[in-house]
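data-v7.txt follows; it contains compact mmCIF, C-alpha atoms.
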```
# COMPACT_ATOMS: atom_id res chain seq x y z
CA MET A 1 2.92 3.11 -8.23
CA LYS A 2 0.90 1.62 -5.44
CA LEU A 3 0.81 -1.73 -3.68
CA ARG A 4 -2.62 -3.04 -2.77
CA GLU A 5 -3.80 -2.24 0.74
CA GLY A 6 -4.22 -5.97 1.34
CA VAL A 7 -0.43 -6.34 1.50
CA GLU A 8 -0.32 -4.50 4.85
CA TRP A 9 -3.20 -6.59 6.17
CA ALA A 10 -1.72 -9.87 5.03
CA VAL A 11 1.71 -9.19 6.54
CA HIS A 12 0.23 -8.24 9.93
CA CYS A 13 -1.99 -11.34 9.88
CA CYS A 14 1.01 -13.55 9.11
CA ILE A 15 2.91 -11.99 12.05
CA ASN A 16 -0.09 -12.66 14.32
CA LEU A 17 -0.41 -16.24 13.05
CA SER A 18 3.31 -16.80 13.70
CA TRP A 19 2.57 -16.33 17.42
CA ILE A 20 -0.33 -18.76 17.47
CA SER A 21 0.10 -22.52 17.77
CA PRO A 22 0.24 -24.11 14.29
CA ASP A 23 -2.38 -26.62 15.51
CA ARG A 24 -5.00 -23.88 15.75
CA ALA A 25 -6.93 -22.58 12.77
CA VAL A 26 -8.04 -18.95 13.13
CA PRO A 27 -11.22 -17.89 11.31
CA ALA A 28 -10.92 -14.88 8.99
CA ALA A 29 -13.54 -13.08 11.11
CA ARG A 30 -11.28 -13.36 14.14
CA LEU A 31 -8.17 -12.19 12.25
CA ALA A 32 -10.22 -9.27 10.90
CA ALA A 33 -11.64 -8.32 14.31
CA PHE A 34 -8.16 -8.04 15.81
CA HIS A 35 -7.34 -5.13 13.48
CA ASP A 36 -10.91 -3.95 12.91
CA LEU A 37 -10.82 -4.93 9.21
CA PRO A 38 -13.73 -5.96 6.95
CA THR A 39 -13.95 -9.76 7.20
CA ALA A 40 -15.06 -10.51 3.63
CA TYR A 41 -12.23 -8.52 2.09
CA LEU A 42 -9.62 -9.93 4.48
CA ASN A 43 -10.91 -13.42 3.70
CA LYS A 44 -10.13 -12.73 0.03
CA GLN A 45 -6.55 -11.80 0.92
CA MET A 46 -6.16 -14.87 3.12
CA ASN A 47 -7.38 -17.09 0.30
CA ALA A 48 -4.81 -15.47 -1.99
CA LEU A 49 -2.13 -16.39 0.58
CA GLY A 50 -3.61 -19.89 0.69
CA ARG A 51 -3.31 -20.38 -3.06
CA VAL A 52 0.50 -20.11 -2.81
CA GLY A 53 0.86 -22.03 0.46
CA ILE A 54 1.71 -19.08 2.72
CA VAL A 55 -1.26 -20.09 4.84
CA ALA A 56 -3.17 -23.36 5.03
CA SER A 57 -6.91 -23.31 5.53
CA ARG A 58 -9.33 -25.75 7.08
CA SER A 59 -13.05 -25.48 6.46
CA GLY A 60 -15.88 -26.36 8.81
CA PRO A 61 -17.03 -25.09 12.21
CA ARG A 62 -13.50 -25.23 13.68
CA GLY A 63 -11.98 -24.04 10.43
CA GLY A 64 -9.75 -21.10 9.68
CA PHE A 65 -6.20 -20.21 8.74
CA ARG A 66 -2.78 -21.09 10.05
CA LEU A 67 0.65 -20.47 8.53
CA GLY A 68 1.40 -22.91 5.72
CA ARG A 69 5.09 -23.12 6.55
CA GLU A 70 7.59 -21.80 9.11
CA PRO A 71 7.58 -18.00 9.36
CA GLU A 72 11.34 -18.11 8.63
CA ARG A 73 10.41 -19.34 5.15
CA ILE A 74 7.78 -16.69 4.37
CA THR A 75 9.23 -13.48 2.97
CA LEU A 76 7.67 -10.08 2.38
CA MET A 77 8.21 -10.74 -1.32
CA ASP A 78 6.10 -13.92 -1.06
CA VAL A 79 3.27 -12.01 0.60
CA ALA A 80 3.49 -8.96 -1.72
CA THR A 81 3.45 -11.22 -4.79
CA ALA A 82 0.54 -13.30 -3.51
CA ILE A 83 -1.59 -10.19 -2.92
CA ASP A 84 -0.35 -7.75 -5.52
CA GLY A 85 0.73 -10.05 -8.33
CA SER A 86 4.13 -10.58 -9.90
CA ALA A 87 3.81 -8.22 -12.88
CA GLN A 88 6.64 -5.75 -13.37
CA ALA A 89 5.83 -2.20 -12.25
CA PHE A 90 7.39 -0.81 -15.41
CA LEU A 91 5.55 -2.11 -18.43
CA CYS A 92 7.59 -1.88 -21.64
CA THR A 93 5.14 -1.43 -24.52
CA GLY A 94 8.01 -1.32 -27.01
CA ILE A 95 7.43 2.22 -28.30
CA ARG A 96 10.99 2.27 -29.62
CA HIS A 97 9.70 -0.03 -32.39
CA HIS A 98 6.64 2.11 -33.18
CA GLY A 99 6.35 4.79 -35.85
CA PRO A 100 9.45 6.26 -37.53
CA ALA A 101 11.47 5.30 -34.43
CA GLY A 102 11.06 1.68 -35.50
CA THR A 103 12.83 2.17 -38.83
CA ILE A 104 15.65 4.15 -37.19
CA THR A 105 16.43 2.30 -34.00
CA GLY A 106 14.31 -0.74 -34.86
CA PRO A 107 16.71 -3.12 -36.63
CA ALA A 108 19.45 -2.64 -34.03
CA ALA A 109 16.86 -2.53 -31.26
CA ASP A 110 15.57 -5.95 -32.28
CA ARG A 111 18.84 -7.48 -31.19
CA THR A 112 18.99 -5.75 -27.82
CA THR A 113 16.86 -5.42 -24.73
CA CYS A 114 15.41 -1.95 -24.41
CA THR A 115 17.85 0.09 -22.31
CA VAL A 116 14.98 1.87 -20.60
CA ALA A 117 13.13 -1.33 -19.70
CA GLN A 118 16.38 -2.86 -18.50
CA ALA A 119 17.16 0.05 -16.18
CA PHE A 120 13.70 -0.12 -14.61
CA SER A 121 13.91 -3.87 -14.35
CA THR A 122 17.26 -3.68 -12.51
CA ALA A 123 15.80 -1.19 -10.04
CA GLU A 124 12.78 -3.37 -9.47
CA LEU A 125 15.01 -6.34 -8.86
CA ALA A 126 16.72 -4.39 -6.07
CA TRP A 127 13.30 -3.81 -4.52
CA ARG A 128 12.34 -7.47 -4.84
CA ARG A 129 15.66 -8.61 -3.37
CA GLN A 130 15.18 -6.44 -0.31
CA LEU A 131 11.70 -7.84 0.28
CA ALA A 132 12.86 -11.40 -0.36
CA ASP A 133 15.44 -10.85 2.34
CA ARG A 134 12.92 -10.09 5.09
CA SER A 135 10.99 -12.93 6.66
CA ILE A 136 7.82 -12.90 8.74
CA ALA A 137 9.87 -14.49 11.55
CA GLU A 138 12.34 -11.60 11.48
CA LEU A 139 9.59 -8.97 11.50
CA ALA A 140 7.74 -10.73 14.31
CA ASP A 141 10.99 -10.73 16.27
CA THR A 142 11.46 -7.00 15.75
CA VAL A 143 7.92 -6.36 17.05
CA ARG A 144 8.64 -8.62 20.04
CA ARG A 145 11.84 -6.78 20.88
CA ALA A 146 9.95 -3.45 20.95
CA ASN A 147 7.14 -4.99 22.99
CA PRO A 148 8.19 -8.26 24.68
CA ALA A 149 4.66 -8.95 25.91
CA ALA A 150 3.11 -8.76 22.44
CA PRO A 151 3.37 -12.45 21.37
CA ASP A 152 1.77 -13.72 24.59
CA GLN A 153 -0.93 -11.07 24.58
CA VAL A 154 -1.79 -11.70 20.94
CA ARG A 155 -1.89 -15.47 21.57
CA ARG A 156 -4.18 -14.99 24.55
CA TRP A 157 -6.52 -12.71 22.63
CA PHE A 158 -6.86 -15.28 19.86
CA ASP A 159 -7.33 -18.08 22.41
CA ARG A 160 -10.40 -16.39 23.82
CA PRO A 161 -13.64 -17.76 22.41
CA MET B 1 2.07 -2.26 -8.42
CA LYS B 2 2.25 -0.47 -11.71
CA LEU B 3 4.06 2.60 -13.02
CA ARG B 4 2.09 4.79 -15.40
CA GLU B 5 2.61 4.08 -19.08
CA GLY B 6 3.65 7.69 -19.53
CA VAL B 7 6.95 6.93 -17.77
CA GLU B 8 8.15 4.87 -20.76
CA TRP B 9 7.05 7.60 -23.17
CA ALA B 10 8.69 10.39 -21.18
CA VAL B 11 12.03 8.58 -20.87
CA HIS B 12 12.21 7.85 -24.61
CA CYS B 13 11.28 11.46 -25.41
CA CYS B 14 14.03 12.72 -23.10
CA ILE B 15 16.54 10.46 -24.84
CA ASN B 16 15.41 11.78 -28.22
CA LEU B 17 15.59 15.39 -27.01
CA SER B 18 19.12 14.77 -25.69
CA TRP B 19 20.21 14.25 -29.33
CA ILE B 20 18.58 17.41 -30.60
CA SER B 21 20.20 20.84 -30.35
CA PRO B 22 19.09 22.60 -27.15
CA ASP B 23 18.26 25.66 -29.30
CA ARG B 24 15.44 23.81 -31.00
CA ALA B 25 11.99 23.37 -29.46
CA VAL B 26 10.19 20.23 -30.62
CA PRO B 27 6.37 20.30 -30.68
CA ALA B 28 4.59 17.53 -28.76
CA ALA B 29 2.94 16.43 -32.03
CA ARG B 30 6.38 15.77 -33.52
CA LEU B 31 7.64 13.88 -30.45
CA ALA B 32 4.44 11.84 -30.53
CA ALA B 33 4.66 11.08 -34.25
CA PHE B 34 8.17 9.64 -33.86
CA HIS B 35 6.83 6.82 -31.66
CA ASP B 36 3.27 6.81 -33.01
CA LEU B 37 1.80 8.03 -29.69
CA PRO B 38 -1.38 10.05 -29.07
CA THR B 39 -0.30 13.72 -29.11
CA ALA B 40 -2.73 15.05 -26.48
CA TYR B 41 -1.75 12.43 -23.93
CA LEU B 42 1.97 12.81 -24.60
CA ASN B 43 1.55 16.58 -24.28
CA LYS B 44 0.19 16.01 -20.78
CA GLN B 45 3.28 13.99 -19.86
CA MET B 46 5.61 16.60 -21.33
CA ASN B 47 3.87 19.30 -19.31
CA ALA B 48 4.37 17.19 -16.18
CA LEU B 49 8.10 17.07 -17.02
CA GLY B 50 7.97 20.83 -17.59
CA ARG B 51 6.53 21.49 -14.14
CA VAL B 52 9.69 20.11 -12.50
CA GLY B 53 12.15 21.55 -14.99
CA ILE B 54 13.10 18.32 -16.78
CA VAL B 55 12.00 19.97 -20.01
CA ALA B 56 11.50 23.63 -20.85
CA SER B 57 8.68 24.66 -23.13
CA ARG B 58 8.17 27.55 -25.48
CA SER B 59 4.74 28.45 -26.77
CA GLY B 60 3.85 29.95 -30.12
CA PRO B 61 4.19 28.81 -33.73
CA ARG B 62 7.84 27.76 -33.28
CA GLY B 63 7.13 26.45 -29.82
CA GLY B 64 7.72 23.04 -28.29
CA PHE B 65 9.91 21.22 -25.82
CA ARG B 66 13.63 20.95 -25.20
CA LEU B 67 15.51 19.47 -22.23
CA GLY B 68 15.44 21.80 -19.24
CA ARG B 69 18.94 20.84 -18.12
CA GLU B 70 21.86 18.65 -19.23
CA PRO B 71 20.85 15.00 -19.73
CA GLU B 72 23.59 14.06 -17.23
CA ARG B 73 21.47 15.78 -14.59
CA ILE B 74 18.16 14.12 -15.42
CA THR B 75 17.71 10.74 -13.73
CA LEU B 76 15.13 8.02 -14.25
CA MET B 77 13.95 8.78 -10.71
CA ASP B 78 13.28 12.41 -11.74
CA VAL B 79 11.21 11.29 -14.72
CA ALA B 80 9.36 8.53 -12.85
CA THR B 81 8.48 10.92 -10.02
CA ALA B 82 7.35 13.67 -12.39
CA ILE B 83 4.98 11.30 -14.20
CA ASP B 84 3.99 8.82 -11.52
CA GLY B 85 4.19 10.93 -8.36
CA SER B 86 6.35 10.53 -5.29
CA ALA B 87 3.90 8.63 -3.07
CA GLN B 88 5.24 5.47 -1.43
CA ALA B 89 4.07 2.26 -3.09
CA PHE B 90 3.38 0.71 0.29
CA LEU B 91 0.76 2.71 2.13
CA CYS B 92 0.78 2.14 5.88
CA THR B 93 -2.76 2.68 7.14
CA GLY B 94 -1.68 1.93 10.71
CA ILE B 95 -3.84 -1.18 11.25
CA ARG B 96 -1.58 -2.19 14.15
CA HIS B 97 -3.31 0.62 16.08
CA HIS B 98 -6.85 -0.45 15.09
CA GLY B 99 -9.19 -2.71 17.03
CA PRO B 100 -7.93 -4.90 19.90
CA ALA B 101 -4.46 -4.84 18.28
CA GLY B 102 -4.25 -1.19 19.30
CA THR B 103 -4.59 -1.94 23.01
CA ILE B 104 -2.08 -4.79 22.82
CA THR B 105 0.69 -3.48 20.59
CA GLY B 106 -0.57 0.11 20.55
CA PRO B 107 1.22 1.78 23.48
CA ALA B 108 4.60 0.33 22.54
CA ALA B 109 3.82 0.78 18.86
CA ASP B 110 3.29 4.51 19.37
CA ARG B 111 6.95 4.90 20.17
CA THR B 112 8.23 2.94 17.17
CA THR B 113 7.91 3.03 13.42
CA CYS B 114 5.86 0.12 12.15
CA THR B 115 8.27 -2.70 11.34
CA VAL B 116 6.24 -3.68 8.30
CA ALA B 117 6.12 -0.15 6.88
CA GLN B 118 9.82 0.25 7.55
CA ALA B 119 10.73 -2.94 5.70
CA PHE B 120 8.74 -1.88 2.64
CA SER B 121 10.14 1.62 2.83
CA THR B 122 13.73 0.30 2.87
CA ALA B 123 13.01 -1.84 -0.19
CA GLU B 124 11.48 1.09 -2.01
CA LEU B 125 14.49 3.21 -1.18
CA ALA B 126 16.68 0.61 -2.91
CA TRP B 127 14.47 0.96 -5.99
CA ARG B 128 14.63 4.76 -5.90
CA ARG B 129 18.40 4.75 -5.44
CA GLN B 130 18.87 2.57 -8.51
CA LEU B 131 16.73 4.87 -10.62
CA ALA B 132 18.42 7.97 -9.21
CA ASP B 133 21.70 6.46 -10.33
CA ARG B 134 20.76 6.26 -14.02
CA SER B 135 20.80 9.40 -16.11
CA ILE B 136 19.21 10.14 -19.47
CA ALA B 137 22.75 10.80 -20.78
CA GLU B 138 23.88 7.33 -19.74
CA LEU B 139 20.85 5.64 -21.30
CA ALA B 140 21.25 7.64 -24.52
CA ASP B 141 24.88 6.53 -24.61
CA THR B 142 23.89 2.87 -24.22
CA VAL B 143 21.46 3.19 -27.13
CA ARG B 144 24.18 4.88 -29.21
CA ARG B 145 26.67 2.12 -28.50
CA ALA B 146 24.17 -0.49 -29.74
CA ASN B 147 23.34 1.64 -32.78
CA PRO B 148 25.99 4.32 -33.45
CA ALA B 149 23.91 5.91 -36.24
CA ALA B 150 20.89 6.46 -34.00
CA PRO B 151 21.64 9.97 -32.65
CA ASP B 152 22.28 11.40 -36.13
CA GLN B 153 19.30 9.68 -37.66
CA VAL B 154 17.01 10.83 -34.87
CA ARG B 155 18.34 14.40 -35.18
CA ARG B 156 17.79 14.38 -38.94
CA TRP B 157 14.25 13.05 -38.60
CA PHE B 158 13.36 15.82 -36.17
CA ASP B 159 15.08 18.43 -38.38
CA ARG B 160 12.75 17.60 -41.25
CA PRO B 161 9.82 19.99 -41.51
```
For the file at hand, write its structure as C-alpha cells.
Amino acid sequence: MKLREGVEWAVHCCINLSWISPDRAVPAARLAAFHDLPTAYLNKQMNALGRVGIVASRSGPRGGFRLGREPERITLMDVATAIDGSAQAFLCTGIRHHGPAGTITGPAADRTTCTVAQAFSTAELAWRRQLADRSIAELADTVRRANPAAPDQVRRWFDRP
Amino acid sequence: MKLREGVEWAVHCCINLSWISPDRAVPAARLAAFHDLPTAYLNKQMNALGRVGIVASRSGPRGGFRLGREPERITLMDVATAIDGSAQAFLCTGIRHHGPAGTITGPAADRTTCTVAQAFSTAELAWRRQLADRSIAELADTVRRANPAAPDQVRRWFDRP
C-alpha cells in the first residue's frame, strides 16, 4: 500500500501557499524550485489540486497558483484524494462467490456485505477520518510554532523575482 | 493507495482453514479451487503467510497448509502485513530539506519530525489499529452467524478427496 509521492509535494506546496498573499499567483516553476522538485511533474499535481478547487490557477505571464479556499477548509484527505484518487485500498473482488465457495456461502452471502471487505472498509474509514480532521491551516501553524520565522521567510523568498 | 489482491485471498483462506481440523493439511490447489483462484499465485501468498507463522506447511504427498496458530491470534493486520508488506503508505522523502526550503525551514526542521509525515503516520496508525483489532476467529464467527451451515459445509467440501 503506497500513496503517490505527489501527496507529500502537494501538501508542502499548500502550506507554502497558505503563507503567501491570496492575491499573488505563484508559477509551478517557482513552487518546484523552492523544494528542488521537477517542475513538469509538480505542475501535474497542482493541476490535479486545481480540478477539485484546492488551488485556483491563472494563466498568462503573471499566472500561477494560489489556494482555492481558506487553508482551514483544506484537509489532508482533500489533498490525498485529489492526488491519489478516492478508490478503496482494499479491493473486494468477491471471491466468496467464486467456485464451489459460491454455492456454499453464496446464497447467504448475497444478502450480506462481505465481512472481510467490511472490516477493511471500517479500518480505511478510520484512516480517512484522521486525515479529514487535519487542515492545511493547522499543519502550517505547527510548522510556524517550531520555526516562528518560517512564514515570513517563505513569503519573502516567493516575493523575490 | 492499493492493497495487493492477495490480501483478500489470504484472509478468505485463513477463514476456511479455521473451520478445518488443525490435523489436516490442505494443498494450495484445493484452497485455490474452492474460490476458483490461480493455484500458483495463491501458493505464493500462502508461502508468504507461512514465513510469518500465520500458516504452517507440510510438504510431501499429504502436504499442504493449516493455520499456524489459533485463529483468535491471527489479525487482519498480520495477514495484510504478510502479503502487502509493512512499509508506510505515506513515504516522506524529506522535501522540506531540499532546495531553498532547506535553508529556511531546514535548521529548525532538523530538530522536529515533519508535521506532514507525522499527520499521515497518525492516520495510518488508526488504520493499523483497526485491523489489529479484528481476528480471523471473529470474522469466521460473523460469517457463521449469517450462514450457520457454512463451517460444516466448508469442512465437508475440503474433506472430499
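On all C-alpha atoms, the superposed RMSD for chain A relative to chain B stands at 0.0 Å.
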Best match for closeness to chain B among A:Val116, A:Ala28, A:Ile20, A:Ala10, counting only C-alpha atoms: A:Val116
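Considering the residues A:His35, A:Arg96, A:Arg73, A:Lys44 and counting all atoms listed in the file, B:Ile15 has its shortest atom-to-atom contact with A:Arg96.
Among the candidates A:Glu72, A:Asp84, A:Asp23, A:Glu124, the residue lying nearest to A:Glu8 is A:Asp84 (atoms considered: all atoms listed in the file).
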Best match for closeness to A:Arg145 among B:Leu31, B:Thr122, B:Thr115, B:Pro161, counting all atoms listed in the file: B:Thr115
Chain B contacts on chain A, only C-alpha atoms, 6 Å, as a ChimeraX atom specification: /A:1-3,34-36,89-90,95,98-101,108,123-124,126-127,130,147
Output of the above residues as a short mmCIF file (atom, residue, chain, number, x, y, z; two decimals), in the coordinates of the input, restricted to C-alpha atoms:
```cif
data_model
loop_
_atom_site.label_atom_id
_atom_site.label_comp_id
_atom_site.auth_asym_id
_atom_site.auth_seq_id
_atom_site.Cartn_x
_atom_site.Cartn_y
_atom_site.Cartn_z
CA MET A 1 2.92 3.11 -8.23
CA LYS A 2 0.90 1.62 -5.44
CA LEU A 3 0.81 -1.73 -3.68
CA PHE A 34 -8.16 -8.04 15.81
CA HIS A 35 -7.34 -5.13 13.48
CA ASP A 36 -10.91 -3.95 12.91
CA ALA A 89 5.83 -2.20 -12.25
CA PHE A 90 7.39 -0.81 -15.41
CA ILE A 95 7.43 2.22 -28.30
CA HIS A 98 6.64 2.11 -33.18
CA GLY A 99 6.35 4.79 -35.85
CA PRO A 100 9.45 6.26 -37.53
CA ALA A 101 11.47 5.30 -34.43
CA ALA A 108 19.45 -2.64 -34.03
CA ALA A 123 15.80 -1.19 -10.04
CA GLU A 124 12.78 -3.37 -9.47
CA ALA A 126 16.72 -4.39 -6.07
CA TRP A 127 13.30 -3.81 -4.52
CA GLN A 130 15.18 -6.44 -0.31
CA ASN A 147 7.14 -4.99 22.99
#
```
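Atom to atom, atom CA of B:Ile54 and atom CA of A:Thr113 stand 25.3 Å apart.
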What's around B:Arg66 at 8 Å? Count only C-alpha atoms, leave out sequence neighbours fewer than 5 positions away in its own chain, and write the answer as a PDB file with C-alpha atoms, in the frame of the given file.
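So the final result, stored in selection-v4.pdb, reads:
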```pdb
ATOM      1  CA  LEU B  17      15.590  15.390 -27.010  1.00  0.00           C
ATOM      2  CA  PRO B  22      19.090  22.600 -27.150  1.00  0.00           C
ATOM      3  CA  ASP B  23      18.260  25.660 -29.300  1.00  0.00           C
ATOM      4  CA  ARG B  24      15.440  23.810 -31.000  1.00  0.00           C
ATOM      5  CA  ALA B  25      11.990  23.370 -29.460  1.00  0.00           C
ATOM      6  CA  VAL B  26      10.190  20.230 -30.620  1.00  0.00           C
ATOM      7  CA  VAL B  55      12.000  19.970 -20.010  1.00  0.00           C
ATOM      8  CA  ALA B  56      11.500  23.630 -20.850  1.00  0.00           C
ATOM      9  CA  SER B  57       8.680  24.660 -23.130  1.00  0.00           C
TER      10      SER B  57
END
```
Kindly list the centre and edge lengths in Å, rounded to one decimal, for the axis-aligned box that covers all listed atoms of stretch 82-92 of chain A plus 8 Å on each of its six sides, as AutoDock Vina command-line options.
```
--center_x 3.0 --center_y -7.1 --center_z -12.3 --size_x 25.2 --size_y 28.5 --size_z 34.7
```
Nearest-residue call for A:Ser135, choices A:Leu49, A:Ala29, A:Ala82, A:Cys14, using all atoms listed in the file: A:Cys14
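Among the candidates B:Gly64, B:Pro38, B:Ile83, B:Thr75, the residue lying nearest to B:Arg51 is B:Ile83 (atoms considered: only C-alpha atoms).
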Length of the atom CA of B:Arg160 to atom CA of B:Pro27 vector [Å]: 12.6 Å
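A straight line drawn from atom CA of A:Ile74 to atom CA of A:Gln118 is 28.1 Å long.
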